[in-house]
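First up is the structure itself, then whatever we jot down about it.
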Amino acid sequence: MSCLSMPTLTRRAFLASAAAASASAVLPLHTRPSAAGIREFRLRAGPGRAQIAPEPYGQTAVWSYNDAVPGPEIRVRQGERVGIAVENALDEETTVHWHGVRVPNAMDGVPHLTQVPIAPGETFTYQFDGVDAGTFWYHPHQRSFEQVGRGLYGPLIVEEADPIQVDRDVTWVLSDWRLTNSAEMREDFGGRHDMMHNGRVGNTVTINGRVPDAFPVKKGERIRLRLINAANARIFGLEFRGHEPIVIALDGQPVAPHAPEGGMVVLGPAMRADLILDMTGDTGSRVTVTDRFYTGLEYRLVDLAYEKQPLRDKAPDWPLALPPNPLLEPDLAKAARHEVTFNGGMMGAMVMQEMAGSMGAEPSGRMGDMMGNMGSMMDMMHSGKIWFINGVAAQGHVMDPMLILEKDRSHVLAMTNATAWHHPMHLHGHSFRVISRNGEPTPHREWQDTVLMAPRERVEIAFVADNPGDWMFHCHVLEHQAAGMMGVIRVA
Ligand code: C2O
Ligand code: CU
């Protein structure tokens, strides 16, 4: 179900397609240092066509930046100031959000909340500093379930001043598409069934905008693989058989180098991982990278195709750890604590009852209040409000803040997923430490901007609220976001 299955068709080699994509992506990007030392870029959002499915399928009508899917890789050095002029050649309003970058509030790209949306034909210039080195990405925040779903997204890489040594630095933007049998885009964006369940999961998975076949590698080579999940809803769980990937960064932020749990690199929508992948296979062999996240639906993503000549006999022993980014360490002893509960979706009432039951006879606190409101929630679900944060379903981006966080203070958000579904929860303007899951301290206390919560899971995150403004906090399954799973957190 995950790829258009036409095994008799030859697929174009991934190398050729990746090279073609990056050539077309780099040329129109047009970067030059200006007098003020600002790195300037231009993005043009508009309709286009892209070869998503392998030939002999035709091209698919998409919306894209600079006629490329994904959009051009914006690559700057840590500490550089970036200016990005975004021209809107769509028939509807748009904005760009710089996902994971700790930008000033006015540059965050949230329609109506932080800026007037960019009207068709208009241009808006974003400016911010690359404060953190790492793997980030950009995408619209206006009707993102459709604008992102049609192909508007691209990688944003901030290089360390002093990067670790590797042989190749490679970005894989992972995504999926819901295509017809003739590789046309299915027009069913924002469907109610997708909103109530796990979002608009596609049937065709791509790396850098193409259905991949083989990725050429050399024995002994060390690759820094930057994975970005740009899909609306698909969660990836990648296994590199016979290889031992080491995670060195999550959501752009350095983490103590470690092997992924159970050997599987799990990425919810919007999440990133930087891996160190040592090519330890045999020359001339092909090793399959498999996506095994959904039980029973595993599929071959791509093959690592070893060339005949090795680069070196065994993996290099260069250091793996990345230099830290300038993040403030939260003080847990002095932190203010806030409860956040997610409800709704298909089977939501059942999960609430079950979780309230396990908390004792008398459901108390937030959960108790919500049990009392369950009837009205059911009514709201019939009117298109499907997901709730602390009992509220968002409509649009402008709303009263669900939390007001004292600026420069440490805060803990204690989050409960009282639903039957996974949710990648994203906070704008900040990175946070994931400090516990179901009451157990996390082994790596990873910095993230998007944390994947399993059904019924409790997760605590901690951070210093050092970036003033009104920030979105939402599920990055874009259909869940559109159906209410969003709130505003004010830092003041
Ligand atoms: Cu990547 Cu509010 O988004
Ligand atoms: Cu969700």
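Letters A, B, ... go to the chains of the structure tokens in the order shown; residues in each chain start at 1; ligands are counted from 1 in the same order.
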
Residues within 12 Å of A:His197, only C-alpha atoms, excluding chain neighbours under 2 positions, as a PDB file with N, CA and C atoms, in the first residue's frame:
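Heads up, here's the output in out.pdb:
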ATOM      1  N   GLY A 190      -8.242  17.305   3.533  1.00  0.00           N
ATOM      2  CA  GLY A 190      -9.130  17.728   4.616  1.00  0.00           C
ATOM      3  C   GLY A 190     -10.348  16.847   4.797  1.00  0.00           C
ATOM      4  N   GLY A 191     -10.243  15.588   4.400  1.00  0.00           N
ATOM      5  CA  GLY A 191     -11.385  14.675   4.537  1.00  0.00           C
ATOM      6  C   GLY A 191     -11.657  14.336   6.001  1.00  0.00           C
ATOM      7  N   ARG A 192     -12.942  14.206   6.331  1.00  0.00           N
ATOM      8  CA  ARG A 192     -13.334  13.998   7.712  1.00  0.00           C
ATOM      9  C   ARG A 192     -12.808  12.675   8.272  1.00  0.00           C
ATOM     10  N   HIS A 193     -12.794  11.645   7.446  1.00  0.00           N
ATOM     11  CA  HIS A 193     -12.302  10.353   7.934  1.00  0.00           C
ATOM     12  C   HIS A 193     -10.819  10.458   8.315  1.00  0.00           C
ATOM     13  N   ASP A 194     -10.029  11.108   7.465  1.00  0.00           N
ATOM     14  CA  ASP A 194      -8.605  11.306   7.785  1.00  0.00           C
ATOM     15  C   ASP A 194      -8.449  12.128   9.058  1.00  0.00           C
ATOM     16  N   MET A 195      -9.278  13.137   9.207  1.00  0.00           N
ATOM     17  CA  MET A 195      -9.176  13.981  10.407  1.00  0.00           C
ATOM     18  C   MET A 195      -9.449  13.183  11.676  1.00  0.00           C
ATOM     19  N   GLY A 199      -4.929  10.734  10.049  1.00  0.00           N
ATOM     20  CA  GLY A 199      -4.509  11.752   9.099  1.00  0.00           C
ATOM     21  C   GLY A 199      -4.423  11.206   7.682  1.00  0.00           C
ATOM     22  N   ARG A 200      -3.998  12.084   6.768  1.00  0.00           N
ATOM     23  CA  ARG A 200      -3.985  11.727   5.354  1.00  0.00           C
ATOM     24  C   ARG A 200      -2.667  11.031   5.015  1.00  0.00           C
ATOM     25  N   VAL A 201      -2.617   9.747   5.326  1.00  0.00           N
ATOM     26  CA  VAL A 201      -1.437   8.942   5.001  1.00  0.00           C
ATOM     27  C   VAL A 201      -1.509   8.625   3.509  1.00  0.00           C
ATOM     28  N   ALA A 233       1.127  13.077   7.625  1.00  0.00           N
ATOM     29  CA  ALA A 233       0.610  12.188   8.657  1.00  0.00           C
ATOM     30  C   ALA A 233       1.408  10.906   8.864  1.00  0.00           C
ATOM     31  N   ARG A 234       2.202  10.510   7.879  1.00  0.00           N
ATOM     32  CA  ARG A 234       2.877   9.218   7.987  1.00  0.00           C
ATOM     33  C   ARG A 234       3.992   9.266   9.028  1.00  0.00           C
ATOM     34  N   GLY A 344     -10.197  13.402  22.081  1.00  0.00           N
ATOM     35  CA  GLY A 344     -10.955  13.456  20.839  1.00  0.00           C
ATOM     36  C   GLY A 344     -10.578  12.352  19.870  1.00  0.00           C
ATOM     37  N   GLY A 345     -11.054  12.515  18.624  1.00  0.00           N
ATOM     38  CA  GLY A 345     -10.778  11.544  17.577  1.00  0.00           C
ATOM     39  C   GLY A 345     -11.629  10.301  17.706  1.00  0.00           C
ATOM     40  N   MET A 346     -11.464   9.427  16.753  1.00  0.00           N
ATOM     41  CA  MET A 346     -12.216   8.177  16.751  1.00  0.00           C
ATOM     42  C   MET A 346     -11.843   7.376  18.003  1.00  0.00           C
ATOM     43  N   MET A 347     -12.811   6.837  18.668  1.00  0.00           N
ATOM     44  CA  MET A 347     -12.654   6.034  19.896  1.00  0.00           C
ATOM     45  C   MET A 347     -12.169   6.883  21.068  1.00  0.00           C
ATOM     46  N   GLY A 348     -12.269   8.192  20.942  1.00  0.00           N
ATOM     47  CA  GLY A 348     -11.765   9.073  21.985  1.00  0.00           C
ATOM     48  C   GLY A 348     -12.503   8.924  23.311  1.00  0.00           C
ATOM     49  N   ILE A 386     -12.858  18.116  16.201  1.00  0.00           N
ATOM     50  CA  ILE A 386     -12.643  16.684  16.434  1.00  0.00           C
ATOM     51  C   ILE A 386     -11.608  16.444  17.526  1.00  0.00           C
ATOM     52  N   TRP A 387     -10.631  17.342  17.636  1.00  0.00           N
ATOM     53  CA  TRP A 387      -9.552  17.159  18.607  1.00  0.00           C
ATOM     54  C   TRP A 387      -9.517  18.341  19.566  1.00  0.00           C
ATOM     55  N   THR A 419      -6.053   9.744  23.922  1.00  0.00           N
ATOM     56  CA  THR A 419      -6.691   9.390  22.656  1.00  0.00           C
ATOM     57  C   THR A 419      -6.140   8.038  22.201  1.00  0.00           C
ATOM     58  N   ALA A 420      -6.726   7.511  21.144  1.00  0.00           N
ATOM     59  CA  ALA A 420      -6.318   6.203  20.624  1.00  0.00           C
ATOM     60  C   ALA A 420      -5.293   6.329  19.503  1.00  0.00           C
ATOM     61  N   TRP A 421      -4.692   7.518  19.323  1.00  0.00           N
ATOM     62  CA  TRP A 421      -3.850   7.781  18.162  1.00  0.00           C
ATOM     63  C   TRP A 421      -2.516   8.387  18.567  1.00  0.00           C
ATOM     64  N   HIS A 422      -1.525   8.285  17.658  1.00  0.00           N
ATOM     65  CA  HIS A 422      -0.244   8.960  17.862  1.00  0.00           C
ATOM     66  C   HIS A 422      -0.381  10.443  17.528  1.00  0.00           C
ATOM     67  N   HIS A 423       0.338  11.273  18.275  1.00  0.00           N
ATOM     68  CA  HIS A 423       0.363  12.704  17.966  1.00  0.00           C
ATOM     69  C   HIS A 423       1.777  13.256  18.110  1.00  0.00           C
ATOM     70  N   VAL A 477       0.299  16.155  12.814  1.00  0.00           N
ATOM     71  CA  VAL A 477      -0.538  15.473  11.829  1.00  0.00           C
ATOM     72  C   VAL A 477      -1.466  16.582  11.338  1.00  0.00           C
ATOM     73  N   LEU A 478      -1.272  17.012  10.096  1.00  0.00           N
ATOM     74  CA  LEU A 478      -1.851  18.302   9.689  1.00  0.00           C
ATOM     75  C   LEU A 478      -3.369  18.257   9.645  1.00  0.00           C
ATOM     76  N   GLU A 479      -3.941  17.073   9.491  1.00  0.00           N
ATOM     77  CA  GLU A 479      -5.401  16.949   9.555  1.00  0.00           C
ATOM     78  C   GLU A 479      -5.890  17.079  10.997  1.00  0.00           C
ATOM     79  N   HIS A 480      -5.091  16.628  11.954  1.00  0.00           N
ATOM     80  CA  HIS A 480      -5.478  16.816  13.360  1.00  0.00           C
ATOM     81  C   HIS A 480      -5.417  18.295  13.724  1.00  0.00           C
ATOM     82  N   ALA A 483      -8.334  20.063  12.476  1.00  0.00           N
ATOM     83  CA  ALA A 483      -9.576  19.681  13.150  1.00  0.00           C
ATOM     84  C   ALA A 483      -9.508  19.998  14.638  1.00  0.00           C
TER      85      ALA A 483
END

(message) Residues near A:Gly130, anyone? I mean within 12 Å using only C-alpha atoms, not counting same-chain ones fewer than 2 positions away, as a ChimeraX atom specification.
(response) /A:38-39,74-83,98,100-104,127-128,132-136,156-161,252,325-326

Go ahead and save the residues from that selection, with N, CA, C and O atoms, as a CSV table (one decimal), in the first residue's frame.
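The resulting file, selection_28.csv, is reproduced below:
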chain,number,residue,atom,x,y,z
A,38,ILE,N,23.8,39.9,5.1
A,38,ILE,CA,22.7,39.0,5.2
A,38,ILE,C,22.7,38.0,4.0
A,38,ILE,O,23.0,38.4,2.9
A,39,ARG,N,22.5,36.7,4.3
A,39,ARG,CA,22.4,35.7,3.3
A,39,ARG,C,21.0,35.7,2.7
A,39,ARG,O,20.1,35.5,3.4
A,74,ILE,N,18.0,25.3,1.7
A,74,ILE,CA,18.6,26.5,2.2
A,74,ILE,C,19.7,26.1,3.2
A,74,ILE,O,19.4,25.4,4.2
A,75,ARG,N,20.9,26.6,2.9
A,75,ARG,CA,22.0,26.1,3.8
A,75,ARG,C,22.8,27.3,4.2
A,75,ARG,O,23.3,28.1,3.3
A,76,VAL,N,22.9,27.5,5.5
A,76,VAL,CA,23.7,28.7,6.0
A,76,VAL,C,24.6,28.2,7.1
A,76,VAL,O,24.5,27.0,7.5
A,77,ARG,N,25.5,29.1,7.6
A,77,ARG,CA,26.3,28.8,8.7
A,77,ARG,C,25.7,29.3,10.0
A,77,ARG,O,25.0,30.3,10.0
A,78,GLN,N,25.9,28.6,11.1
A,78,GLN,CA,25.4,29.1,12.4
A,78,GLN,C,25.9,30.5,12.7
A,78,GLN,O,27.0,30.8,12.4
A,79,GLY,N,24.9,31.3,13.1
A,79,GLY,CA,25.2,32.7,13.4
A,79,GLY,C,25.0,33.7,12.3
A,79,GLY,O,25.0,34.9,12.5
A,80,GLU,N,24.8,33.1,11.1
A,80,GLU,CA,24.6,34.0,9.9
A,80,GLU,C,23.1,34.5,10.0
A,80,GLU,O,22.2,33.9,10.5
A,81,ARG,N,23.0,35.7,9.5
A,81,ARG,CA,21.6,36.3,9.3
A,81,ARG,C,21.1,35.9,8.0
A,81,ARG,O,21.8,36.0,7.0
A,82,VAL,N,19.8,35.5,7.9
A,82,VAL,CA,19.2,35.0,6.7
A,82,VAL,C,18.1,35.9,6.3
A,82,VAL,O,17.3,36.3,7.2
A,83,GLY,N,18.0,36.2,5.1
A,83,GLY,CA,16.8,37.0,4.5
A,83,GLY,C,16.2,36.1,3.4
A,83,GLY,O,16.9,35.8,2.5
A,98,TRP,N,9.4,28.5,9.7
A,98,TRP,CA,10.8,27.9,9.7
A,98,TRP,C,10.9,26.9,10.9
A,98,TRP,O,11.2,27.3,12.0
A,100,GLY,N,11.4,24.7,13.7
A,100,GLY,CA,12.5,24.3,14.6
A,100,GLY,C,13.5,25.4,14.8
A,100,GLY,O,14.3,25.4,15.8
A,101,VAL,N,13.4,26.5,14.0
A,101,VAL,CA,14.4,27.6,14.1
A,101,VAL,C,13.8,28.5,15.2
A,101,VAL,O,12.6,28.9,15.1
A,102,ARG,N,14.6,28.9,16.1
A,102,ARG,CA,14.1,29.8,17.2
A,102,ARG,C,14.2,31.3,16.7
A,102,ARG,O,15.1,32.0,17.0
A,103,VAL,N,13.2,31.6,15.9
A,103,VAL,CA,13.1,32.9,15.3
A,103,VAL,C,12.4,33.9,16.2
A,103,VAL,O,11.6,33.5,17.1
A,104,PRO,N,12.5,35.2,16.0
A,104,PRO,CA,11.6,36.2,16.7
A,104,PRO,C,10.2,35.9,16.3
A,104,PRO,O,9.9,35.5,15.1
A,127,GLN,N,13.3,37.5,8.0
A,127,GLN,CA,14.7,37.7,8.4
A,127,GLN,C,14.9,37.1,9.8
A,127,GLN,O,14.1,37.4,10.7
A,128,PHE,N,15.9,36.3,9.9
A,128,PHE,CA,16.2,35.8,11.3
A,128,PHE,C,17.7,35.3,11.3
A,128,PHE,O,18.3,35.2,10.2
A,132,ASP,N,20.8,28.3,16.1
A,132,ASP,CA,21.2,26.9,16.4
A,132,ASP,C,21.7,26.2,15.1
A,132,ASP,O,21.1,26.4,14.1
A,133,ALA,N,22.8,25.5,15.2
A,133,ALA,CA,23.1,24.6,14.0
A,133,ALA,C,22.2,23.4,14.0
A,133,ALA,O,21.8,23.0,15.1
A,134,GLY,N,21.9,22.9,12.9
A,134,GLY,CA,21.1,21.7,12.8
A,134,GLY,C,20.2,21.6,11.6
A,134,GLY,O,20.3,22.4,10.6
A,135,THR,N,19.4,20.5,11.6
A,135,THR,CA,18.6,20.2,10.5
A,135,THR,C,17.2,20.7,10.7
A,135,THR,O,16.5,20.2,11.6
A,136,PHE,N,16.7,21.6,9.9
A,136,PHE,CA,15.4,22.2,10.1
A,136,PHE,C,14.7,22.1,8.8
A,136,PHE,O,15.2,21.6,7.8
A,156,LEU,N,16.1,23.1,5.5
A,156,LEU,CA,16.8,24.3,6.0
A,156,LEU,C,17.9,23.8,6.9
A,156,LEU,O,17.7,23.3,8.0
A,157,ILE,N,19.2,23.9,6.4
A,157,ILE,CA,20.3,23.3,7.1
A,157,ILE,C,21.2,24.5,7.7
A,157,ILE,O,21.6,25.3,6.9
A,158,VAL,N,21.4,24.4,9.0
A,158,VAL,CA,22.3,25.4,9.6
A,158,VAL,C,23.6,24.6,10.0
A,158,VAL,O,23.5,23.7,10.8
A,159,GLU,N,24.7,24.9,9.3
A,159,GLU,CA,25.9,24.2,9.5
A,159,GLU,C,26.6,24.6,10.8
A,159,GLU,O,26.7,25.8,11.1
A,160,GLU,N,27.2,23.7,11.5
A,160,GLU,CA,28.1,24.1,12.7
A,160,GLU,C,29.3,24.9,12.2
A,160,GLU,O,29.8,24.7,11.0
A,161,ALA,N,29.8,25.8,13.0
A,161,ALA,CA,31.0,26.5,12.7
A,161,ALA,C,32.1,25.6,12.4
A,161,ALA,O,32.9,25.8,11.5
A,252,GLY,N,17.2,18.6,14.9
A,252,GLY,CA,18.3,19.6,14.8
A,252,GLY,C,19.2,19.7,15.9
A,252,GLY,O,20.3,20.2,15.8
A,325,ASN,N,24.3,23.5,21.1
A,325,ASN,CA,23.7,24.8,20.7
A,325,ASN,C,23.4,25.6,21.9
A,325,ASN,O,23.4,25.1,23.1
A,326,PRO,N,23.3,27.0,21.8
A,326,PRO,CA,23.1,27.9,22.9
A,326,PRO,C,21.7,27.8,23.5
A,326,PRO,O,20.9,28.7,23.3

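Residues in contact with ligand 1 (atom pairs separated by at most 8 Å; only C-alpha atoms and all ligand atoms) are His97, Trp98, His99, Gly100, Val110, Trp137, Tyr138, His139, His141, Ala270, His426, Leu427, His428, Met472, Phe473, His474 and His476 of chain A.
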
Selection file, C-alpha atoms, as a PDB file, in the first residue's frame:
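This is the output file part-v2.pdb:
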ATOM      1  CA  HIS A  97       7.121  28.760   8.980  1.00  0.00           C
ATOM      2  CA  TRP A  98      10.780  27.930   9.706  1.00  0.00           C
ATOM      3  CA  HIS A  99      10.168  24.751  11.617  1.00  0.00           C
ATOM      4  CA  GLY A 100      12.455  24.319  14.618  1.00  0.00           C
ATOM      5  CA  VAL A 110       1.711  32.009  11.489  1.00  0.00           C
ATOM      6  CA  TRP A 137      12.764  22.685   7.423  1.00  0.00           C
ATOM      7  CA  TYR A 138      10.271  25.156   6.082  1.00  0.00           C
ATOM      8  CA  HIS A 139       6.627  24.899   5.080  1.00  0.00           C
ATOM      9  CA  HIS A 141       1.304  27.493   7.990  1.00  0.00           C
ATOM     10  CA  ALA A 270       7.885  17.214  11.180  1.00  0.00           C
ATOM     11  CA  HIS A 426       5.109  20.703  18.170  1.00  0.00           C
ATOM     12  CA  LEU A 427       5.878  23.932  20.024  1.00  0.00           C
ATOM     13  CA  HIS A 428       6.974  27.008  18.083  1.00  0.00           C
ATOM     14  CA  MET A 472       1.512  27.874  18.266  1.00  0.00           C
ATOM     15  CA  PHE A 473       1.433  24.530  20.004  1.00  0.00           C
ATOM     16  CA  HIS A 474      -0.147  21.836  17.852  1.00  0.00           C
ATOM     17  CA  HIS A 476       1.819  18.012  13.334  1.00  0.00           C
TER      18      HIS A 476
END

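Interatomic distance, atom CA of A:Ile389 to atom CA of A:Asn467: 22.2 Å.
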
(message) Please list as an MDAnalysis selection string every residue within 12 Å of A:Met350, counting only C-alpha atoms and excluding residues in the same chain fewer than 6 positions away.
(response) chainID A and resid 343:344 356:357 371 374 378 418:420 456

(request) Name the residues in contact with A:Arg178 at a cut-off of 12 Å, using only C-alpha atoms, excluding same-chain residues fewer than 6 positions from it; report them as a PyMOL selection string. (result) chain A and resi 1-4+52-53+60+62+146+149-151+184-189+199-206+231-234

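You can rank A:Gly71, A:Gly242, A:Pro424, A:Pro330 by their closest distance to ligand 2 using only C-alpha atoms and all ligand atoms, and at the top of that list sits A:Pro424.
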
(message) List as an NGL selection string the protein and nucleic acid residues near A:Gly121, meaning an atom at most 10 Å away when only C-alpha atoms are counted, but skip any in the same chain fewer than 4 places from it.
(response) :A and (87-93)

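One distance worth recording is that between atom CA of A:Leu322 and atom CA of A:Pro254, which is 5.8 Å.
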
Counting only C-alpha atoms, what are the residues of stretch 289-358 of chain A within 8 Å of stretch 207-228 of chain A, and for each of them which pair of atoms is the nearest and at what distance in Å, to one decimal? Sort the table by chain and rising number, as a tab-separated table.
residue	atom	partner	partner_atom	distance
A:Leu301	CA	A:Pro212	CA	7.2
A:Val302	CA	A:Asp213	CA	5.3
A:Asp303	CA	A:Ala214	CA	4.6
A:Leu304	CA	A:Phe215	CA	4.9
A:Ala305	CA	A:Pro216	CA	4.7
A:Tyr306	CA	A:Val217	CA	5.0
A:Glu307	CA	A:Lys218	CA	5.5
A:Lys308	CA	A:Lys218	CA	7.9
A:Gln309	CA	A:Lys218	CA	6.9
A:Pro310	CA	A:Lys219	CA	4.6
A:Leu311	CA	A:Gly220	CA	5.4
A:Arg312	CA	A:Gly220	CA	4.7
A:Asp313	CA	A:Gly220	CA	5.6
A:Lys314	CA	A:Gly220	CA	5.0
A:Ala315	CA	A:Gly220	CA	4.9
A:Pro316	CA	A:Arg222	CA	7.2

(request) Using backbone DSSP assignments, extract all strand (DSSP E or B) residues from stretch 70-214 of chain A; output them as a ChimeraX atom specification. (result) /A:74-77,81-88,94,97-99,111,115,118,123-129,134-139,154-159,168-177,179,185,204-207,210,214

Could you save the residues just selected, with C-alpha atoms, as an mmCIF file, in the first residue's frame?
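And here's selection25.cif as it stands now:
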data_model
loop_
_atom_site.group_PDB
_atom_site.id
_atom_site.type_symbol
_atom_site.label_atom_id
_atom_site.label_comp_id
_atom_site.auth_asym_id
_atom_site.auth_seq_id
_atom_site.Cartn_x
_atom_site.Cartn_y
_atom_site.Cartn_z
ATOM 1 C CA ILE A 74 18.612 26.543 2.193
ATOM 2 C CA ARG A 75 22.038 26.113 3.750
ATOM 3 C CA VAL A 76 23.700 28.664 5.984
ATOM 4 C CA ARG A 77 26.321 28.798 8.713
ATOM 5 C CA ARG A 81 21.629 36.312 9.340
ATOM 6 C CA VAL A 82 19.215 34.997 6.733
ATOM 7 C CA GLY A 83 16.810 36.975 4.534
ATOM 8 C CA ILE A 84 14.276 34.976 2.547
ATOM 9 C CA ALA A 85 11.915 36.748 0.148
ATOM 10 C CA VAL A 86 8.834 34.580 -0.337
ATOM 11 C CA GLU A 87 6.739 35.317 -3.404
ATOM 12 C CA ASN A 88 3.233 33.925 -3.515
ATOM 13 C CA THR A 94 0.241 31.523 2.224
ATOM 14 C CA HIS A 97 7.121 28.760 8.980
ATOM 15 C CA TRP A 98 10.780 27.930 9.706
ATOM 16 C CA HIS A 99 10.168 24.751 11.617
ATOM 17 C CA PRO A 111 -1.162 33.618 9.563
ATOM 18 C CA GLN A 115 1.761 38.249 10.311
ATOM 19 C CA ILE A 118 1.007 36.764 1.959
ATOM 20 C CA THR A 123 6.124 39.019 -1.516
ATOM 21 C CA PHE A 124 7.085 38.967 2.147
ATOM 22 C CA THR A 125 10.672 38.901 3.372
ATOM 23 C CA TYR A 126 11.545 36.907 6.464
ATOM 24 C CA GLN A 127 14.702 37.701 8.408
ATOM 25 C CA PHE A 128 16.218 35.782 11.269
ATOM 26 C CA ASP A 129 19.513 34.480 12.635
ATOM 27 C CA GLY A 134 21.085 21.695 12.830
ATOM 28 C CA THR A 135 18.579 20.161 10.459
ATOM 29 C CA PHE A 136 15.412 22.221 10.099
ATOM 30 C CA TRP A 137 12.764 22.685 7.423
ATOM 31 C CA TYR A 138 10.271 25.156 6.082
ATOM 32 C CA HIS A 139 6.627 24.899 5.080
ATOM 33 C CA GLY A 154 11.964 22.215 1.849
ATOM 34 C CA PRO A 155 15.063 21.599 3.998
ATOM 35 C CA LEU A 156 16.844 24.331 5.961
ATOM 36 C CA ILE A 157 20.302 23.327 7.131
ATOM 37 C CA VAL A 158 22.350 25.402 9.558
ATOM 38 C CA GLU A 159 25.928 24.158 9.541
ATOM 39 C CA ARG A 168 29.267 12.918 2.704
ATOM 40 C CA ASP A 169 26.535 15.091 4.179
ATOM 41 C CA VAL A 170 23.218 13.907 2.724
ATOM 42 C CA THR A 171 19.662 15.171 3.245
ATOM 43 C CA TRP A 172 16.667 12.880 2.732
ATOM 44 C CA VAL A 173 13.346 14.675 2.809
ATOM 45 C CA LEU A 174 10.849 11.872 3.382
ATOM 46 C CA SER A 175 7.252 12.309 2.357
ATOM 47 C CA ASP A 176 4.283 10.535 0.938
ATOM 48 C CA TRP A 177 1.524 11.285 -1.531
ATOM 49 C CA LEU A 179 -1.989 9.434 -5.920
ATOM 50 C CA MET A 185 -2.931 13.934 -7.033
ATOM 51 C CA THR A 204 3.394 6.617 -2.518
ATOM 52 C CA VAL A 205 6.495 7.258 -0.424
ATOM 53 C CA THR A 206 9.288 9.481 -1.744
ATOM 54 C CA ILE A 207 12.802 10.527 -0.819
ATOM 55 C CA ARG A 210 11.039 10.784 -6.068
ATOM 56 C CA ALA A 214 18.875 2.643 -5.084
#

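Residue nearest ligand 2, chosen from A:Ala50, A:Met196, A:Leu238, A:Met264 and counting only C-alpha atoms and all ligand atoms: A:Met196.
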